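Asker: Sending over a structure as structure tokens; questions will come in a sec.
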Amino acid sequence: MAIQRMDNVGIVVEDMDAAVAFFVELGMELEGRGEVEGLFADRCTGLDGVRCDIAMLRTPDGHSRLELAKYRSPAAISAGPRNRPHNIVGTHRVMFAVDDIEDTVARLRPHGGELVGEIARFEDSYLLCYLRGPDGVIVGLAEQLTRPDPT
């Protein structure tokens with residue numbers, strides 16, 4: 001048996017509205033918002049008394065999703081400073097393909113987006129950068145420079 005697909009990536013945030021605004025500006029579409037609580041949530045997470053606001057966003061192609069979660073109970077625990085370096089063990093970024101990396105960075109700056117380093121060129125293939133978004137989440141952006149030959 002094999003997996004069918006990767007369903008979504010989950011990110012815990014403190015400011016749900018700021019996080020939703022950031023990812024919508026990036027180009028994701030808000031599918032919906034809701035609240036999760038109850039025995040199933042406790043069992044799934046291994047926590048007691050879960051009350052969590054969630055927002056589900058999808059990429060324009062409909063194949064990838066991002067689930068944002070704001071815990072009201074139990075309170076979210078900080079994993080350390082929000083400006084942690086990129087080489088911390090664990091999830092270090094979510095990568096998105098974009099059409100215009102410089103425009104995307106410019107649009108995300110008013111929503112708290114800050115470059116971790118700078119926009120860098122990988123050979124003649126990609127422009128890449130890491131951007132720190134809401135709650136310190138690192139988002140990778142990749143602009144493909146060369147297109148594969150369709151033949």
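Numbering starts fresh at 1 for the residues of each chain in the structure tokens, the chains themselves are lettered A, B, ... in the order given, and ligands are numbered from 1 as they appear.
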Could you list, as a PDB file with N, CA, C and O atoms, in the first residue's frame, every residue within 8 Å of A:Ala142, counting only C-alpha atoms and ignoring same-chain residues fewer than 3 positions away?
Answerer:
```pdb
ATOM      1  N   MET A  95       7.761  25.438   0.724  1.00  0.00           N
ATOM      2  CA  MET A  95       8.221  26.054  -0.529  1.00  0.00           C
ATOM      3  C   MET A  95       7.053  26.217  -1.500  1.00  0.00           C
ATOM      4  O   MET A  95       6.243  25.309  -1.655  1.00  0.00           O
ATOM      5  N   PHE A  96       7.017  27.394  -2.149  1.00  0.00           N
ATOM      6  CA  PHE A  96       5.999  27.682  -3.148  1.00  0.00           C
ATOM      7  C   PHE A  96       6.672  28.093  -4.449  1.00  0.00           C
ATOM      8  O   PHE A  96       7.634  28.868  -4.447  1.00  0.00           O
ATOM      9  N   ALA A  97       6.149  27.602  -5.576  1.00  0.00           N
ATOM     10  CA  ALA A  97       6.588  28.060  -6.894  1.00  0.00           C
ATOM     11  C   ALA A  97       5.811  29.329  -7.209  1.00  0.00           C
ATOM     12  O   ALA A  97       4.592  29.382  -7.010  1.00  0.00           O
ATOM     13  N   VAL A  98       6.526  30.368  -7.673  1.00  0.00           N
ATOM     14  CA  VAL A  98       5.882  31.640  -7.998  1.00  0.00           C
ATOM     15  C   VAL A  98       6.304  32.082  -9.400  1.00  0.00           C
ATOM     16  O   VAL A  98       7.322  31.641  -9.925  1.00  0.00           O
ATOM     17  N   ILE A 101       9.309  36.321  -8.421  1.00  0.00           N
ATOM     18  CA  ILE A 101       9.768  36.279  -7.034  1.00  0.00           C
ATOM     19  C   ILE A 101       9.905  37.681  -6.425  1.00  0.00           C
ATOM     20  O   ILE A 101       9.542  37.898  -5.273  1.00  0.00           O
ATOM     21  N   TYR A 126      16.715  28.605 -11.481  1.00  0.00           N
ATOM     22  CA  TYR A 126      15.766  29.174 -10.519  1.00  0.00           C
ATOM     23  C   TYR A 126      16.308  30.421  -9.844  1.00  0.00           C
ATOM     24  O   TYR A 126      17.521  30.560  -9.651  1.00  0.00           O
ATOM     25  N   LEU A 127      15.393  31.286  -9.433  1.00  0.00           N
ATOM     26  CA  LEU A 127      15.647  32.295  -8.423  1.00  0.00           C
ATOM     27  C   LEU A 127      14.975  31.763  -7.168  1.00  0.00           C
ATOM     28  O   LEU A 127      13.819  31.304  -7.219  1.00  0.00           O
ATOM     29  N   LEU A 128      15.684  31.788  -6.045  1.00  0.00           N
ATOM     30  CA  LEU A 128      15.174  31.224  -4.797  1.00  0.00           C
ATOM     31  C   LEU A 128      15.388  32.201  -3.655  1.00  0.00           C
ATOM     32  O   LEU A 128      16.370  32.952  -3.646  1.00  0.00           O
ATOM     33  N   CYS A 129      14.490  32.149  -2.672  1.00  0.00           N
ATOM     34  CA  CYS A 129      14.707  32.895  -1.435  1.00  0.00           C
ATOM     35  C   CYS A 129      13.889  32.270  -0.323  1.00  0.00           C
ATOM     36  O   CYS A 129      12.955  31.501  -0.563  1.00  0.00           O
TER      37      CYS A 129
END
```
Asker: Need to verify the contact set: stretch 64-68 of chain A, 7 Å, only C-alpha atoms, exclusion of same-chain residues closer than 3 positions in sequence. Can you return it as a ChimeraX atom specification?
Answerer: /A:7-13,54-59
Asker: Output as a PyMOL selection string all residues of chain A that backbone DSSP marks as strand (DSSP E).
Answerer: chain A and resi 9-12+29-37+51-58+65-73+94-97+114-115+120-122+126-132+138-144
Asker: May I have the residues within 8 Å of stretch 20-26 of chain A as a list in words, using only C-alpha atoms and disregarding those fewer than 3 positions away in the same chain?
Answerer: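 Listing them by chain and then by number gives Met16, Asp17, Glu29, Leu30, Ala55, Leu57, Leu68, Thr104, Arg107, Leu108, His111, Gly112, Gly113, Gly133 and Pro134 of chain A.
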Asker: Write to file, as a PDB file, in the first residue's frame, the residues of the selection just made, with N, CA, C and O atoms.
Answerer:
```
ATOM      1  N   MET A  16      -4.093  34.486  13.812  1.00  0.00           N
ATOM      2  CA  MET A  16      -4.731  33.818  12.677  1.00  0.00           C
ATOM      3  C   MET A  16      -5.008  34.793  11.542  1.00  0.00           C
ATOM      4  O   MET A  16      -4.738  34.489  10.378  1.00  0.00           O
ATOM      5  N   ASP A  17      -5.538  35.968  11.857  1.00  0.00           N
ATOM      6  CA  ASP A  17      -5.877  36.916  10.796  1.00  0.00           C
ATOM      7  C   ASP A  17      -4.644  37.348  10.011  1.00  0.00           C
ATOM      8  O   ASP A  17      -4.686  37.433   8.786  1.00  0.00           O
ATOM      9  N   GLU A  29      -5.830  30.378  -1.720  1.00  0.00           N
ATOM     10  CA  GLU A  29      -7.266  30.652  -1.621  1.00  0.00           C
ATOM     11  C   GLU A  29      -7.788  30.088  -0.308  1.00  0.00           C
ATOM     12  O   GLU A  29      -7.538  28.923   0.017  1.00  0.00           O
ATOM     13  N   LEU A  30      -8.502  30.912   0.440  1.00  0.00           N
ATOM     14  CA  LEU A  30      -9.085  30.479   1.706  1.00  0.00           C
ATOM     15  C   LEU A  30     -10.273  29.581   1.411  1.00  0.00           C
ATOM     16  O   LEU A  30     -11.251  30.010   0.786  1.00  0.00           O
ATOM     17  N   ALA A  55      -7.909  27.444   9.826  1.00  0.00           N
ATOM     18  CA  ALA A  55      -8.193  27.994   8.502  1.00  0.00           C
ATOM     19  C   ALA A  55      -7.499  27.086   7.501  1.00  0.00           C
ATOM     20  O   ALA A  55      -6.338  26.731   7.673  1.00  0.00           O
ATOM     21  N   LEU A  57      -6.296  26.668   3.618  1.00  0.00           N
ATOM     22  CA  LEU A  57      -6.016  27.395   2.386  1.00  0.00           C
ATOM     23  C   LEU A  57      -5.503  26.417   1.352  1.00  0.00           C
ATOM     24  O   LEU A  57      -4.879  25.414   1.699  1.00  0.00           O
ATOM     25  N   LEU A  68      -3.821  26.273   8.916  1.00  0.00           N
ATOM     26  CA  LEU A  68      -3.348  27.128   9.997  1.00  0.00           C
ATOM     27  C   LEU A  68      -4.175  26.822  11.233  1.00  0.00           C
ATOM     28  O   LEU A  68      -5.395  26.654  11.134  1.00  0.00           O
ATOM     29  N   THR A 104       6.476  39.045  -5.643  1.00  0.00           N
ATOM     30  CA  THR A 104       5.902  38.311  -4.516  1.00  0.00           C
ATOM     31  C   THR A 104       6.494  38.801  -3.201  1.00  0.00           C
ATOM     32  O   THR A 104       5.759  39.044  -2.235  1.00  0.00           O
ATOM     33  N   ARG A 107       5.036  42.190  -2.363  1.00  0.00           N
ATOM     34  CA  ARG A 107       3.642  42.127  -1.906  1.00  0.00           C
ATOM     35  C   ARG A 107       3.527  41.581  -0.491  1.00  0.00           C
ATOM     36  O   ARG A 107       2.606  41.933   0.243  1.00  0.00           O
ATOM     37  N   LEU A 108       4.481  40.703  -0.085  1.00  0.00           N
ATOM     38  CA  LEU A 108       4.406  40.087   1.239  1.00  0.00           C
ATOM     39  C   LEU A 108       5.014  40.956   2.337  1.00  0.00           C
ATOM     40  O   LEU A 108       4.704  40.775   3.513  1.00  0.00           O
ATOM     41  N   HIS A 111       2.789  42.532   4.828  1.00  0.00           N
ATOM     42  CA  HIS A 111       2.133  41.512   5.653  1.00  0.00           C
ATOM     43  C   HIS A 111       3.128  40.845   6.602  1.00  0.00           C
ATOM     44  O   HIS A 111       2.873  39.757   7.110  1.00  0.00           O
ATOM     45  N   GLY A 112       4.264  41.472   6.810  1.00  0.00           N
ATOM     46  CA  GLY A 112       5.257  40.968   7.750  1.00  0.00           C
ATOM     47  C   GLY A 112       6.344  40.116   7.137  1.00  0.00           C
ATOM     48  O   GLY A 112       7.208  39.615   7.846  1.00  0.00           O
ATOM     49  N   GLY A 113       6.327  39.921   5.828  1.00  0.00           N
ATOM     50  CA  GLY A 113       7.352  39.112   5.178  1.00  0.00           C
ATOM     51  C   GLY A 113       8.713  39.789   5.198  1.00  0.00           C
ATOM     52  O   GLY A 113       8.833  40.946   4.816  1.00  0.00           O
ATOM     53  N   GLY A 133       7.682  34.692   7.585  1.00  0.00           N
ATOM     54  CA  GLY A 133       6.323  35.208   7.614  1.00  0.00           C
ATOM     55  C   GLY A 133       5.779  35.289   9.031  1.00  0.00           C
ATOM     56  O   GLY A 133       6.553  35.357   9.994  1.00  0.00           O
ATOM     57  N   PRO A 134       4.461  35.254   9.177  1.00  0.00           N
ATOM     58  CA  PRO A 134       3.836  35.367  10.496  1.00  0.00           C
ATOM     59  C   PRO A 134       4.359  34.302  11.463  1.00  0.00           C
ATOM     60  O   PRO A 134       4.577  33.154  11.078  1.00  0.00           O
TER      61      PRO A 134
END
```
Asker: Looking at A:Lys70, A:Glu35, A:His63, A:Phe122, which one is nearest to A:Met6, with distances taken over only C-alpha atoms?
Answerer: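 Comparing A:Lys70, A:Glu35, A:His63, A:Phe122 against A:Met6, the winner is A:His63.
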Asker: Using only C-alpha atoms, which residues sit within 10 Å of A:Leu47 once same-chain residues fewer than 6 positions away are excluded, as a list in words?
Answerer: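 Everything that qualifies: Leu39, Ala41, Ser73 and Pro74 of chain A.
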Asker: Mind writing the picked residues with all heavy atoms as a short mmCIF file (atom, residue, chain, number, x, y, z; two decimals), in the first residue's frame?
Answerer:
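Saved file part07.cif follows:
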```
data_model
loop_
_atom_site.label_atom_id
_atom_site.label_comp_id
_atom_site.auth_asym_id
_atom_site.auth_seq_id
_atom_site.Cartn_x
_atom_site.Cartn_y
_atom_site.Cartn_z
N LEU A 39 -13.56 15.13 21.73
CA LEU A 39 -12.79 13.93 22.03
C LEU A 39 -11.89 13.51 20.87
O LEU A 39 -10.74 13.13 21.08
CB LEU A 39 -13.74 12.79 22.41
CG LEU A 39 -13.08 11.51 22.91
CD1 LEU A 39 -12.18 11.78 24.12
CD2 LEU A 39 -14.14 10.47 23.24
N ALA A 41 -10.45 15.37 18.66
CA ALA A 41 -9.30 16.27 18.60
C ALA A 41 -8.30 15.93 19.71
O ALA A 41 -7.09 15.93 19.48
CB ALA A 41 -9.75 17.72 18.71
N SER A 73 -7.03 26.34 23.57
CA SER A 73 -6.84 25.46 24.72
C SER A 73 -6.31 24.13 24.21
O SER A 73 -6.85 23.61 23.23
CB SER A 73 -8.17 25.25 25.44
OG SER A 73 -8.05 24.26 26.44
N PRO A 74 -5.29 23.56 24.80
CA PRO A 74 -4.34 24.23 25.67
C PRO A 74 -3.58 25.30 24.88
O PRO A 74 -3.48 25.21 23.65
CB PRO A 74 -3.41 23.12 26.14
CG PRO A 74 -3.51 22.05 25.11
CD PRO A 74 -4.88 22.18 24.50
#
```
Asker: Excluding A:Val116 and its own-chain neighbours fewer than 3 positions away, which residues fall within 12 Å of it when counting only C-alpha atoms? Please give them as a list in words.
Answerer: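 In the requested form, the answer reads Arg82, Asn83, Arg84, Pro85, His86, Asn87, Arg93, Val105, Gly113, Ile119, Ala120, Leu128, Cys129, Tyr130, Leu131, Arg132, Gly133, Gly136, Val137, Ile138, Val139, Gly140 and Leu141 of chain A.
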Asker: Extract the full set of alpha helix (DSSP H) residues from stretch 30-135 of chain A according to DSSP on the backbone, and format it as a PyMOL selection string.
Answerer: chain A and resi 39-45+101-108
